[in-house]
>>> print(open('work26.txt').read())   # compact mmCIF, C-alpha atoms
# COMPACT_ATOMS: atom_id res chain seq x y z
CA MET A 1 128.05 94.19 122.18
CA ARG A 2 127.97 90.48 121.41
CA ASP A 3 130.85 88.84 119.66
CA THR A 4 129.53 87.71 116.29
CA SER A 5 132.83 86.72 114.78
CA PRO A 6 133.03 83.42 112.88
CA LEU A 7 135.28 81.96 115.60
CA ARG A 8 132.58 82.20 118.20
CA ILE A 9 129.96 80.94 115.75
CA HIS A 10 132.14 77.93 115.09
CA GLY A 11 132.02 77.06 118.76
CA CYS A 12 128.25 76.63 118.62
CA TYR A 13 128.37 73.42 116.61
CA SER A 14 130.87 71.11 115.01
CA GLU A 15 131.13 70.42 111.31
CA ASN A 16 129.73 66.91 111.78
CA ASP A 17 126.57 68.36 113.31
CA LEU A 18 125.69 70.18 110.12
CA ASP A 19 123.40 67.51 108.66
CA VAL A 20 119.96 68.22 107.29
CA LYS A 21 118.12 66.98 110.37
CA HIS A 22 120.04 69.24 112.72
CA LEU A 23 119.92 72.17 110.30
CA LEU A 24 116.14 72.10 110.03
CA LYS A 25 115.62 71.38 113.73
CA ARG A 26 117.93 74.23 114.68
CA GLY A 27 116.20 76.58 112.26
CA ALA A 28 112.76 75.64 113.57
CA LEU A 29 113.81 76.09 117.21
CA LEU A 30 115.47 79.43 116.53
CA VAL A 31 112.30 80.72 114.91
CA ALA A 32 110.12 79.33 117.72
CA ALA A 33 112.35 81.00 120.31
CA ASN A 34 112.10 84.28 118.41
CA TRP A 35 108.44 83.95 117.47
CA GLN A 36 108.09 87.73 117.28
CA THR A 37 109.78 87.61 113.89
CA VAL A 38 107.00 85.36 112.57
CA VAL A 39 104.36 87.80 113.78
CA ILE A 40 106.18 90.81 112.29
CA GLN A 41 106.69 89.08 108.94
CA PHE A 42 103.02 88.06 108.86
CA VAL A 43 101.83 91.57 109.70
CA ALA A 44 104.13 93.07 107.05
CA GLU A 45 102.96 90.57 104.43
CA THR A 46 99.30 91.18 105.29
CA THR A 47 99.82 94.94 105.17
CA PHE A 48 101.43 94.56 101.76
CA GLN A 49 98.46 92.56 100.46
CA VAL A 50 95.96 95.07 101.87
CA LEU A 51 97.85 97.98 100.29
CA LEU A 52 97.79 96.23 96.92
CA ALA A 53 94.06 95.61 97.27
CA VAL A 54 93.26 99.32 97.69
CA PRO A 55 93.94 100.47 94.07
CA ILE A 56 92.43 97.25 92.73
CA ILE A 57 89.16 97.69 94.60
CA GLY A 58 89.03 101.36 93.63
CA ALA A 59 89.62 100.56 89.97
CA ALA A 60 87.02 97.76 90.11
CA ILE A 61 84.40 100.19 91.41
CA LEU A 62 85.38 102.66 88.66
CA VAL A 63 85.02 100.00 85.97
CA ALA A 64 81.68 98.85 87.37
CA VAL A 65 80.33 102.43 87.33
CA LEU A 66 81.71 103.56 83.97
CA LEU A 67 81.47 100.37 81.93
CA GLY A 68 78.63 98.60 83.70
CA THR A 69 80.70 95.50 84.49
CA ASP A 70 79.61 93.29 87.35
CA LEU A 71 81.72 94.18 90.40
CA ALA A 72 81.65 90.59 91.69
CA ASP A 73 83.20 89.34 88.43
CA LEU A 74 86.02 91.89 88.69
CA LEU A 75 86.90 90.90 92.27
CA GLN A 76 87.18 87.16 91.72
CA GLY A 77 90.40 85.20 92.11
CA SER A 78 93.79 86.30 93.36
CA LEU A 79 95.16 89.85 93.27
CA ARG A 80 97.03 89.02 90.08
CA GLU A 81 93.86 87.75 88.41
CA MET A 82 91.92 90.84 89.56
CA PHE A 83 94.65 93.10 88.17
CA THR A 84 94.55 91.32 84.80
CA THR A 85 90.75 91.45 84.62
CA ILE A 86 90.56 95.15 85.48
CA ALA A 87 93.41 96.07 83.12
CA SER A 88 91.67 94.20 80.29
CA ALA A 89 88.41 96.00 81.02
CA LEU A 90 90.18 99.39 80.95
CA LEU A 91 91.83 98.88 77.55
CA SER A 92 89.12 100.99 75.98
CA GLU A 93 89.91 103.83 78.43
CA PRO A 94 93.67 104.56 78.07
CA VAL A 95 93.73 107.43 80.58
CA ALA A 96 92.01 105.37 83.27
CA LEU A 97 94.26 102.41 82.48
CA VAL A 98 97.43 104.48 82.87
CA ALA A 99 96.15 105.98 86.13
CA PHE A 100 95.31 102.51 87.49
CA ILE A 101 98.73 101.08 86.58
CA ALA A 102 100.48 104.14 88.05
CA ALA A 103 98.56 103.88 91.33
CA PHE A 104 99.21 100.15 91.56
CA SER A 105 102.91 100.66 90.83
CA VAL A 106 103.26 103.27 93.57
CA VAL A 107 101.63 100.96 96.12
CA LEU A 108 103.71 98.02 94.90
CA LEU A 109 106.90 100.06 95.26
CA GLY A 110 106.08 101.23 98.78
CA GLY A 111 104.95 97.80 99.95
CA SER A 112 108.06 96.16 98.51
CA VAL A 113 110.31 98.59 100.38
CA LEU A 114 108.44 97.73 103.58
CA MET A 115 109.04 94.03 103.04
CA PHE A 116 112.74 94.54 102.25
CA VAL A 117 113.32 96.63 105.38
CA VAL A 118 111.44 94.25 107.69
CA LYS A 119 113.45 91.31 106.34
CA GLY A 120 116.65 93.02 107.46
CA GLY A 121 115.48 93.12 111.07
CA THR A 122 114.37 89.49 110.92
CA VAL A 123 117.72 88.29 109.60
CA GLU A 124 119.56 90.34 112.22
CA VAL A 125 117.57 88.79 115.08
CA LEU A 126 117.90 85.20 113.83
CA ALA A 127 121.62 85.67 113.17
CA ALA A 128 122.16 86.88 116.74
CA ALA A 129 120.10 83.98 118.08
CA SER A 130 122.05 81.46 116.02
CA VAL A 131 125.35 82.79 117.35
CA ASP A 132 124.32 82.32 120.99
CA ALA A 133 122.18 79.16 120.65
CA HIS A 134 124.88 76.67 121.63
CA GLY A 135 123.76 73.21 120.51
CA ILE A 136 120.05 74.00 120.79
CA GLU A 137 119.27 71.24 118.32
CA HIS A 138 120.81 68.57 120.59
CA HIS A 139 118.83 69.33 123.76
CA PRO A 140 115.29 68.25 124.71
CA LEU A 141 112.68 70.82 123.81
CA THR A 142 111.72 72.83 126.88
CA LEU A 143 110.32 76.28 127.51
CA ASP A 144 113.53 77.31 129.29
CA LEU A 145 115.54 76.28 126.25
CA LEU A 146 113.45 78.51 124.00
CA LYS A 147 113.68 81.42 126.44
CA HIS A 148 117.47 81.02 126.61
CA SER A 149 117.66 81.12 122.79
CA SER A 150 115.48 84.19 122.43
CA ARG A 151 117.41 87.22 121.21
CA PHE A 152 114.56 89.37 119.96
CA THR A 153 114.52 92.94 121.17
CA LEU A 154 112.92 95.89 119.47
CA GLN A 155 116.27 97.68 119.47
CA ARG A 156 118.08 94.80 117.77
CA PHE A 157 115.29 94.46 115.21
CA THR A 158 115.29 98.15 114.32
CA GLU A 159 119.09 98.25 114.20
CA GLY A 160 119.01 95.36 111.73
CA CYS A 161 116.42 97.19 109.64
CA ALA A 162 118.60 100.31 109.60
CA ARG A 163 121.89 98.47 108.90
CA LEU A 164 120.54 96.30 106.07
CA CYS A 165 117.99 98.73 104.70
CA ARG A 166 119.95 100.09 101.75
CA PRO A 167 121.57 96.85 100.49
CA TYR A 168 118.34 94.88 100.91
CA ILE A 169 116.33 97.46 98.98
CA THR A 170 118.93 97.44 96.19
CA LEU A 171 118.90 93.65 96.08
CA GLY A 172 115.11 93.55 96.19
CA PHE A 173 114.74 95.87 93.24
CA ALA A 174 117.32 93.84 91.34
CA LEU A 175 115.18 90.73 91.96
CA THR A 176 112.09 92.64 90.84
CA ALA A 177 113.87 93.58 87.61
CA VAL A 178 114.74 89.93 87.02
CA TYR A 179 111.08 89.00 87.59
CA ALA A 180 109.90 91.66 85.14
CA LEU A 181 112.38 90.64 82.44
CA SER A 182 111.54 86.95 82.90
CA ILE A 183 107.78 87.56 82.62
CA ALA A 184 108.26 89.83 79.60
CA GLY A 185 110.44 87.20 77.93
CA TYR A 186 107.88 84.47 78.64
CA LEU A 187 104.99 86.54 77.26
CA ALA A 188 106.98 87.47 74.14
CA PHE A 189 107.90 83.80 73.63
CA VAL A 190 104.29 82.65 73.93
CA ALA A 191 102.88 85.45 71.78
CA TYR A 192 105.45 84.88 69.02
CA GLY A 193 104.82 81.15 69.10
CA TYR A 194 101.06 81.47 68.72
CA ARG A 195 101.46 83.93 65.85
CA ALA A 196 103.90 81.64 64.08
CA ALA A 197 101.81 78.49 64.65
CA GLU A 198 99.56 77.45 61.79
CA GLY A 199 97.11 74.60 61.81
CA ARG A 200 95.22 72.95 64.66
CA ALA A 201 97.87 70.32 65.40
CA VAL A 202 100.63 72.93 65.58
CA ILE A 203 98.57 75.13 67.90
CA ILE A 204 97.89 72.20 70.22
CA GLY A 205 101.58 71.32 70.26
CA TRP A 206 102.52 74.92 70.95
CA THR A 207 100.02 75.01 73.82
CA VAL A 208 101.88 72.12 75.42
CA ILE A 209 105.17 73.93 74.90
CA ALA A 210 103.73 77.10 76.43
CA THR A 211 102.57 75.09 79.46
CA LEU A 212 106.04 73.60 79.90
CA ALA A 213 107.53 77.08 79.57
CA ALA A 214 105.21 78.32 82.33
CA ALA A 215 106.35 75.44 84.56
CA LEU A 216 109.99 76.31 83.84
CA LEU A 217 109.22 79.93 84.69
CA VAL A 218 107.90 78.85 88.10
CA VAL A 219 111.03 76.77 88.69
CA TRP A 220 113.19 79.74 87.65
CA PHE A 221 111.38 82.02 90.09
CA THR A 222 111.84 79.46 92.88
CA VAL A 223 115.57 79.20 92.23
CA MET A 224 115.88 82.98 92.14
CA ASN A 225 114.04 83.27 95.47
CA VAL A 226 116.48 80.84 97.09
CA LEU A 227 119.48 82.71 95.66
CA TYR A 228 117.94 85.97 96.84
CA LEU A 229 117.63 84.59 100.37
CA LEU A 230 121.21 83.30 100.37
CA VAL A 231 122.56 86.67 99.22
CA GLN A 232 120.60 88.35 102.03
CA ILE A 233 122.21 85.99 104.53
CA ALA A 234 125.69 86.56 103.10
CA MET A 235 125.31 90.35 103.28
CA ALA A 236 124.07 90.17 106.89
CA VAL A 237 126.80 87.80 108.12
CA GLU A 238 129.71 89.27 106.17
CA HIS A 239 128.62 92.92 106.55
CA VAL A 240 129.10 93.56 102.83
CA GLY A 241 127.17 95.11 99.98
CA VAL A 242 125.22 93.54 97.15
CA VAL A 243 128.12 92.78 94.79
CA ASP A 244 130.35 91.30 97.49
CA GLY A 245 127.34 89.44 98.88
CA MET A 246 126.77 87.80 95.50
CA ARG A 247 130.42 86.77 95.33
CA ALA A 248 130.30 85.35 98.85
CA THR A 249 127.10 83.47 97.99
CA SER A 250 128.74 81.98 94.90
CA ARG A 251 131.60 80.64 97.00
CA PHE A 252 129.17 79.38 99.63
CA ILE A 253 127.07 77.48 97.08
CA ARG A 254 130.13 75.80 95.61
CA ALA A 255 131.26 74.70 99.08
CA GLU A 256 127.87 73.57 100.45
CA LEU A 257 125.91 72.62 97.33
CA ARG A 258 124.77 69.20 98.54
CA GLU A 259 123.50 70.41 101.91
CA LEU A 260 121.76 73.40 100.32
CA PHE A 261 120.05 71.20 97.77
CA VAL A 262 118.80 68.72 100.35
CA VAL A 263 117.51 71.47 102.66
CA PHE A 264 115.77 73.07 99.69
CA LEU A 265 114.07 69.79 98.74
CA VAL A 266 112.88 69.12 102.29
CA VAL A 267 111.52 72.64 102.75
CA ALA A 268 109.85 72.53 99.34
CA GLY A 269 108.20 69.24 100.33
CA LEU A 270 106.97 70.74 103.59
CA VAL A 271 105.57 73.78 101.77
CA ALA A 272 103.84 71.54 99.21
CA ALA A 273 102.32 69.43 102.00
CA ALA A 274 101.17 72.53 103.86
CA THR A 275 99.65 73.92 100.64
CA LEU A 276 97.76 70.68 100.03
CA ALA A 277 96.51 70.56 103.61
CA SER A 278 95.44 74.20 103.37
CA ALA A 279 93.54 73.54 100.13
CA LEU A 280 91.74 70.55 101.64
CA ALA A 281 90.85 72.49 104.78
CA TRP A 282 89.62 75.44 102.72
CA SER A 283 87.42 73.19 100.56
CA GLY A 284 86.00 71.60 103.72
CA VAL A 285 85.16 75.00 105.13
CA GLY A 286 83.54 75.94 101.83
CA LEU A 287 81.19 72.96 102.04
CA ILE A 288 79.86 74.25 105.37
CA ALA A 289 78.54 77.35 103.61
CA PHE A 290 75.80 75.26 101.99
CA VAL A 291 74.47 74.06 105.34
CA PRO A 292 71.60 76.27 106.63
CA LEU A 293 72.37 78.26 109.79
CA VAL A 294 75.69 76.44 110.23
CA GLY A 295 76.90 78.29 107.16
CA LEU A 296 76.90 81.48 109.22
CA ALA A 297 80.04 80.18 110.94
CA VAL A 298 81.93 80.04 107.64
CA PHE A 299 83.23 83.62 107.76
CA PRO A 300 85.01 83.38 111.16
CA LEU A 301 86.29 79.93 110.17
CA GLN A 302 87.68 81.37 106.96
CA ILE A 303 89.39 84.19 108.87
CA ALA A 304 90.89 81.66 111.31
CA ALA A 305 92.02 79.45 108.42
CA LEU A 306 93.68 82.39 106.67
CA LEU A 307 95.49 83.43 109.85
CA LEU A 308 96.66 79.88 110.54
CA ARG A 309 97.77 79.43 106.94
CA GLY A 310 99.67 82.72 107.00
CA PHE A 311 101.51 81.93 110.24
CA VAL A 312 102.36 78.38 109.12
CA PHE A 313 103.86 79.51 105.83
CA GLU A 314 105.78 82.34 107.50
CA TYR A 315 107.13 79.86 110.05
CA LEU A 316 108.23 77.43 107.32
CA GLY A 317 109.92 80.23 105.39
CA LEU A 318 111.80 81.47 108.44
CA THR A 319 112.74 77.89 109.36
CA ALA A 320 114.43 77.60 105.98
CA LEU A 321 116.11 80.95 106.64
CA GLY A 322 117.39 79.67 110.00
CA ALA A 323 118.72 76.48 108.39
CA TYR A 324 120.52 78.36 105.61
CA LEU A 325 121.83 80.86 108.16
CA THR A 326 123.27 78.10 110.34
CA LEU A 327 124.87 76.47 107.32
CA TYR A 328 126.42 79.76 106.21
CA GLN A 329 127.75 80.58 109.67
CA GLY A 330 129.39 77.16 109.86
CA TYR A 331 130.92 77.68 106.44
CA ALA A 332 132.17 81.15 107.42
CA ALA A 333 133.68 79.75 110.61
CA ARG A 334 135.59 77.01 108.80
CA ARG A 335 136.82 79.47 106.20
CA SER A 336 138.00 81.88 108.92
CA ASP A 337 139.82 79.06 110.71
CA ALA A 338 141.52 78.03 107.47
CA VAL A 339 142.66 81.61 106.78
CA GLN A 340 144.01 82.02 110.31
CA SER A 341 145.84 78.67 110.12
CA THR A 342 147.42 79.69 106.84
CA THR A 343 148.49 83.03 108.32
CA VAL A 344 150.04 81.35 111.37
CA ARG A 345 151.97 78.85 109.25
CA ALA A 346 153.23 81.63 106.99
CA ALA A 347 154.36 83.62 110.03
CA MET A 348 156.19 80.61 111.47
CA GLN A 349 157.94 79.87 108.17
CA HIS A 350 158.95 83.49 107.64
CA PRO A 351 159.52 85.04 111.06
CA ALA A 352 160.26 88.75 111.16
>>> encode(input="work26.txt", output="structure tokens")
Amino acid sequence: MRDTSPLRIHGCYSENDLDVKHLLKRGALLVAANWQTVVIQFVAETTFQVLLAVPIIGAAILVAVLLGTDLADLLQGSLREMFTTIASALLSEPVALVAFIAAFSVVLLGGSVLMFVVKGGTVEVLAAASVDAHGIEHHPLTLDLLKHSSRFTLQRFTEGCARLCRPYITLGFALTAVYALSIAGYLAFVAYGYRAAEGRAVIIGWTVIATLAAALLVVWFTVMNVLYLLVQIAMAVEHVGVVDGMRATSRFIRAELRELFVVFLVVAGLVAAATLASALAWSGVGLIAFVPLVGLAVFPLQIAALLLRGFVFEYLGLTALGAYLTLYQGYAARRSDAVQSTTVRAAMQHPA
């Protein structure tokens, strides 16, 4: 068994090393050394998306057969847009609508549990790698360095899944409930506003307000995702449940607010840049489809682009996880040292 106590973690890096540059570099190197976690996260995410597509495609075929709707129109856009389109088409068939929502909910529940469990193994592996990666961010990048920092084993991953399974599932469903309540509140706010608005000018003004509310909802979801990730880290490092993990996260945020905020801004910028680059590349690939003969190469190019995009975004997400994990371990180490120093001084002042 490896010693994962805060004292050993503290020996991996000094407090002065915990700047944003070193945090992100350390997180990126930890993920690169344990690249299997990226692959597993990508496979789990893809499996989740495929599972969600099954009831949607089935319901789309049902709608096309019963109502005569064009199947291509039903399967346009993202999964969320497809769900909305199919649900709207099934409003005239309540039984079919209830069956579709029930089937989608079952798949959503099972896929969510899969994602929660897999995340536990990922956090366990990266936490073990961070403990043993002594100053990895200060050394030149070599293949031997990455091999030395690799701590992925199937046993460790599965043990992490088993250990964090229950608290992560509880936390995940709590986040899902927050999402549902937030969306319901937003829809109620918009619907009430449009009903109360009278006159063209008022409706236009309310449309602007509704747009701003949607932007605030996106910001709220982003903040909740970051808090969700930090609570996951706290539960994994401290070996505590959901409630104690939230309390530990609250103390951690108060102690490291500046560093957390800067890391969040940098990662958000990287994700935005990657999203823009992905959109430009996708539009370029789409233009090839209009070229005779050459357009036949669009499909494999699209598959390659989707795979590359998926791996890049998974890598960026786990890099942020590694950075937050390093920051939390440093915070836990300093807190443990302070507690031990206080205990020693108290013992010296009041000897038995």
>>> residues_around(input="work26.txt", residues="Arg309 of chain A", least_positions_apart="3", cutoff="9 Å", atoms="only C-alpha atoms", output="ChimeraX atom specification")
/A:274-275,278,304-306,312-314
>>> write_last_selection(input="work26.txt", atoms="C-alpha atoms", output="PDB file, keeping the file's coordinate frame")
ATOM      1  CA  ALA A 274     101.170  72.530 103.860  1.00  0.00           C
ATOM      2  CA  THR A 275      99.650  73.920 100.640  1.00  0.00           C
ATOM      3  CA  SER A 278      95.440  74.200 103.370  1.00  0.00           C
ATOM      4  CA  ALA A 304      90.890  81.660 111.310  1.00  0.00           C
ATOM      5  CA  ALA A 305      92.020  79.450 108.420  1.00  0.00           C
ATOM      6  CA  LEU A 306      93.680  82.390 106.670  1.00  0.00           C
ATOM      7  CA  VAL A 312     102.360  78.380 109.120  1.00  0.00           C
ATOM      8  CA  PHE A 313     103.860  79.510 105.830  1.00  0.00           C
ATOM      9  CA  GLU A 314     105.780  82.340 107.500  1.00  0.00           C
TER      10      GLU A 314
END
>>> residues_near_point(input="work26.txt", point="(103.5, 99.5, 96.6)", cutoff="12 Å", atoms="only C-alpha atoms", output="list in words")
Glu45, Thr47, Phe48, Gln49, Val50, Leu51, Leu52, Ala53, Val54, Pro55, Ile56, Ile101, Ala102, Ala103, Phe104, Ser105, Val106, Val107, Leu108, Leu109, Gly110, Gly111, Ser112, Val113, Leu114, Met115 and Phe116 of chain A
>>> atom_distance(input="work26.txt", atom1="atom CA of His239 of chain A", atom2="atom CA of Ile253 of chain A")
18.2 Å
>>> residues_near_point(input="work26.txt", point="(120.7, 78.1, 103.6)", cutoff="7 Å", atoms="all atoms listed in the file", output="PyMOL selection string")
chain A and resi 230+260+320-321+323-325+327-328
>>> residues_around(input="work26.txt", residues="Phe152 of chain A", least_positions_apart="4", cutoff="12 Å", atoms="only C-alpha atoms", output="mmCIF file with C-alpha atoms, in the coordinates of the input")
data_model
loop_
_atom_site.group_PDB
_atom_site.id
_atom_site.type_symbol
_atom_site.label_atom_id
_atom_site.label_comp_id
_atom_site.auth_asym_id
_atom_site.auth_seq_id
_atom_site.Cartn_x
_atom_site.Cartn_y
_atom_site.Cartn_z
ATOM 1 C CA LEU A 30 115.470 79.430 116.530
ATOM 2 C CA VAL A 31 112.300 80.720 114.910
ATOM 3 C CA ALA A 32 110.120 79.330 117.720
ATOM 4 C CA ALA A 33 112.350 81.000 120.310
ATOM 5 C CA ASN A 34 112.100 84.280 118.410
ATOM 6 C CA TRP A 35 108.440 83.950 117.470
ATOM 7 C CA GLN A 36 108.090 87.730 117.280
ATOM 8 C CA THR A 37 109.780 87.610 113.890
ATOM 9 C CA VAL A 38 107.000 85.360 112.570
ATOM 10 C CA ILE A 40 106.180 90.810 112.290
ATOM 11 C CA GLY A 121 115.480 93.120 111.070
ATOM 12 C CA THR A 122 114.370 89.490 110.920
ATOM 13 C CA VAL A 123 117.720 88.290 109.600
ATOM 14 C CA GLU A 124 119.560 90.340 112.220
ATOM 15 C CA VAL A 125 117.570 88.790 115.080
ATOM 16 C CA LEU A 126 117.900 85.200 113.830
ATOM 17 C CA ALA A 127 121.620 85.670 113.170
ATOM 18 C CA ALA A 128 122.160 86.880 116.740
ATOM 19 C CA ALA A 129 120.100 83.980 118.080
ATOM 20 C CA SER A 130 122.050 81.460 116.020
ATOM 21 C CA LEU A 146 113.450 78.510 124.000
ATOM 22 C CA LYS A 147 113.680 81.420 126.440
ATOM 23 C CA HIS A 148 117.470 81.020 126.610
ATOM 24 C CA ARG A 156 118.080 94.800 117.770
ATOM 25 C CA PHE A 157 115.290 94.460 115.210
ATOM 26 C CA THR A 158 115.290 98.150 114.320
ATOM 27 C CA GLU A 159 119.090 98.250 114.200
ATOM 28 C CA GLY A 160 119.010 95.360 111.730
#
>>> closest_residue(input="work26.txt", among="A:Leu217, A:Val267, A:Gly185, A:Val223", to="Tyr315 of chain A", atoms="all atoms listed in the file")
A:Val267
>>> closest_residue(input="work26.txt", among="A:Val226, A:Leu171, A:Ile209, A:Val178", to="Val243 of chain A", atoms="all atoms listed in the file")
A:Leu171
>>> atom_distance(input="work26.txt", atom1="atom CA of His22 of chain A", atom2="atom CA of His138 of chain A")
7.9 Å
>>> atom_distance(input="work26.txt", atom1="atom CA of Ala210 of chain A", atom2="atom CA of Leu175 of chain A")
23.6 Å
>>> residues_around(input="work26.txt", residues="Thr249 of chain A", least_positions_apart="4", cutoff="10 Å", atoms="all atoms listed in the file", output="VMD selection string")
chain A and resid 227 to 235 243 to 245 253 to 255 328
>>> closest_residue(input="work26.txt", among="A:Val95, A:Ala279, A:Leu29, A:Val271", to="Ser150 of chain A", atoms="only C-alpha atoms")
A:Leu29
>>> closest_residue(input="work26.txt", among="A:Ile303, A:Leu265, A:Leu23, A:Ala60", to="Gln329 of chain A", atoms="only C-alpha atoms")
A:Leu23
>>> closest_residue(input="work26.txt", among="A:Ala96, A:Tyr179, A:Phe173, A:Thr319", to="Ala268 of chain A", atoms="only C-alpha atoms")
A:Thr319
>>> axis_aligned_box(input="work26.txt", around="segment 237-253 of chain A", padding_each_side="6 Å", output="lines of an AutoDock Vina configuration file")
center_x = 128.4
center_y = 86.3
center_z = 101.5
size_x = 18.4
size_y = 29.6
size_z = 25.3
>>> decode(input="work26.txt", residues="segment 311-335 of chain A", atoms="N, CA and C atoms", output="mmCIF file, in the first residue's frame")
data_model
loop_
_atom_site.group_PDB
_atom_site.id
_atom_site.type_symbol
_atom_site.label_atom_id
_atom_site.label_comp_id
_atom_site.auth_asym_id
_atom_site.auth_seq_id
_atom_site.Cartn_x
_atom_site.Cartn_y
_atom_site.Cartn_z
ATOM 1 N N PHE A 311 -11.229 13.301 -27.747
ATOM 2 C CA PHE A 311 -10.034 13.081 -26.938
ATOM 3 C C PHE A 311 -9.454 14.402 -26.427
ATOM 4 N N VAL A 312 -9.483 15.441 -27.266
ATOM 5 C CA VAL A 312 -8.939 16.741 -26.843
ATOM 6 C C VAL A 312 -9.735 17.303 -25.676
ATOM 7 N N PHE A 313 -11.055 17.257 -25.766
ATOM 8 C CA PHE A 313 -11.873 17.811 -24.690
ATOM 9 C C PHE A 313 -11.775 16.966 -23.415
ATOM 10 N N GLU A 314 -11.675 15.664 -23.561
ATOM 11 C CA GLU A 314 -11.469 14.826 -22.375
ATOM 12 C C GLU A 314 -10.130 15.146 -21.726
ATOM 13 N N TYR A 315 -9.103 15.349 -22.553
ATOM 14 C CA TYR A 315 -7.777 15.660 -22.013
ATOM 15 C C TYR A 315 -7.786 17.005 -21.281
ATOM 16 N N LEU A 316 -8.456 17.994 -21.857
ATOM 17 C CA LEU A 316 -8.527 19.301 -21.199
ATOM 18 C C LEU A 316 -9.290 19.202 -19.876
ATOM 19 N N GLY A 317 -10.377 18.437 -19.878
ATOM 20 C CA GLY A 317 -11.139 18.278 -18.640
ATOM 21 C C GLY A 317 -10.342 17.588 -17.550
ATOM 22 N N LEU A 318 -9.602 16.547 -17.919
ATOM 23 C CA LEU A 318 -8.796 15.839 -16.923
ATOM 24 C C LEU A 318 -7.570 16.660 -16.515
ATOM 25 N N THR A 319 -7.069 17.508 -17.409
ATOM 26 C CA THR A 319 -5.987 18.418 -17.020
ATOM 27 C C THR A 319 -6.450 19.363 -15.920
ATOM 28 N N ALA A 320 -7.659 19.898 -16.077
ATOM 29 C CA ALA A 320 -8.225 20.740 -15.021
ATOM 30 C C ALA A 320 -8.398 19.942 -13.736
ATOM 31 N N LEU A 321 -8.851 18.699 -13.855
ATOM 32 C CA LEU A 321 -8.982 17.839 -12.675
ATOM 33 C C LEU A 321 -7.632 17.645 -12.001
ATOM 34 N N GLY A 322 -6.581 17.394 -12.773
ATOM 35 C CA GLY A 322 -5.246 17.227 -12.198
ATOM 36 C C GLY A 322 -4.756 18.483 -11.509
ATOM 37 N N ALA A 323 -5.047 19.651 -12.101
ATOM 38 C CA ALA A 323 -4.630 20.914 -11.487
ATOM 39 C C ALA A 323 -5.362 21.155 -10.171
ATOM 40 N N TYR A 324 -6.675 20.967 -10.173
ATOM 41 C CA TYR A 324 -7.445 21.135 -8.938
ATOM 42 C C TYR A 324 -7.015 20.114 -7.888
ATOM 43 N N LEU A 325 -6.722 18.907 -8.322
ATOM 44 C CA LEU A 325 -6.297 17.854 -7.400
ATOM 45 C C LEU A 325 -4.974 18.205 -6.744
ATOM 46 N N THR A 326 -4.034 18.705 -7.530
ATOM 47 C CA THR A 326 -2.748 19.127 -6.974
ATOM 48 C C THR A 326 -2.929 20.257 -5.974
ATOM 49 N N LEU A 327 -3.782 21.216 -6.324
ATOM 50 C CA LEU A 327 -4.025 22.346 -5.438
ATOM 51 C C LEU A 327 -4.665 21.878 -4.133
ATOM 52 N N TYR A 328 -5.588 20.938 -4.222
ATOM 53 C CA TYR A 328 -6.243 20.449 -3.007
ATOM 54 C C TYR A 328 -5.279 19.653 -2.143
ATOM 55 N N GLN A 329 -4.433 18.835 -2.755
ATOM 56 C CA GLN A 329 -3.476 18.056 -1.974
ATOM 57 C C GLN A 329 -2.478 18.965 -1.260
ATOM 58 N N GLY A 330 -2.055 20.039 -1.925
ATOM 59 C CA GLY A 330 -1.182 20.996 -1.255
ATOM 60 C C GLY A 330 -1.872 21.681 -0.088
ATOM 61 N N TYR A 331 -3.131 22.040 -0.293
ATOM 62 C CA TYR A 331 -3.913 22.649 0.782
ATOM 63 C C TYR A 331 -4.088 21.678 1.945
ATOM 64 N N ALA A 332 -4.405 20.413 1.649
ATOM 65 C CA ALA A 332 -4.565 19.412 2.700
ATOM 66 C C ALA A 332 -3.267 19.181 3.460
ATOM 67 N N ALA A 333 -2.144 19.223 2.744
ATOM 68 C CA ALA A 333 -0.849 19.026 3.394
ATOM 69 C C ALA A 333 -0.531 20.158 4.361
ATOM 70 N N ARG A 334 -0.763 21.387 3.926
ATOM 71 C CA ARG A 334 -0.488 22.535 4.803
ATOM 72 C C ARG A 334 -1.417 22.532 6.010
ATOM 73 N N ARG A 335 -2.655 22.158 5.804
ATOM 74 C CA ARG A 335 -3.596 22.097 6.919
ATOM 75 C C ARG A 335 -3.191 21.012 7.906
#
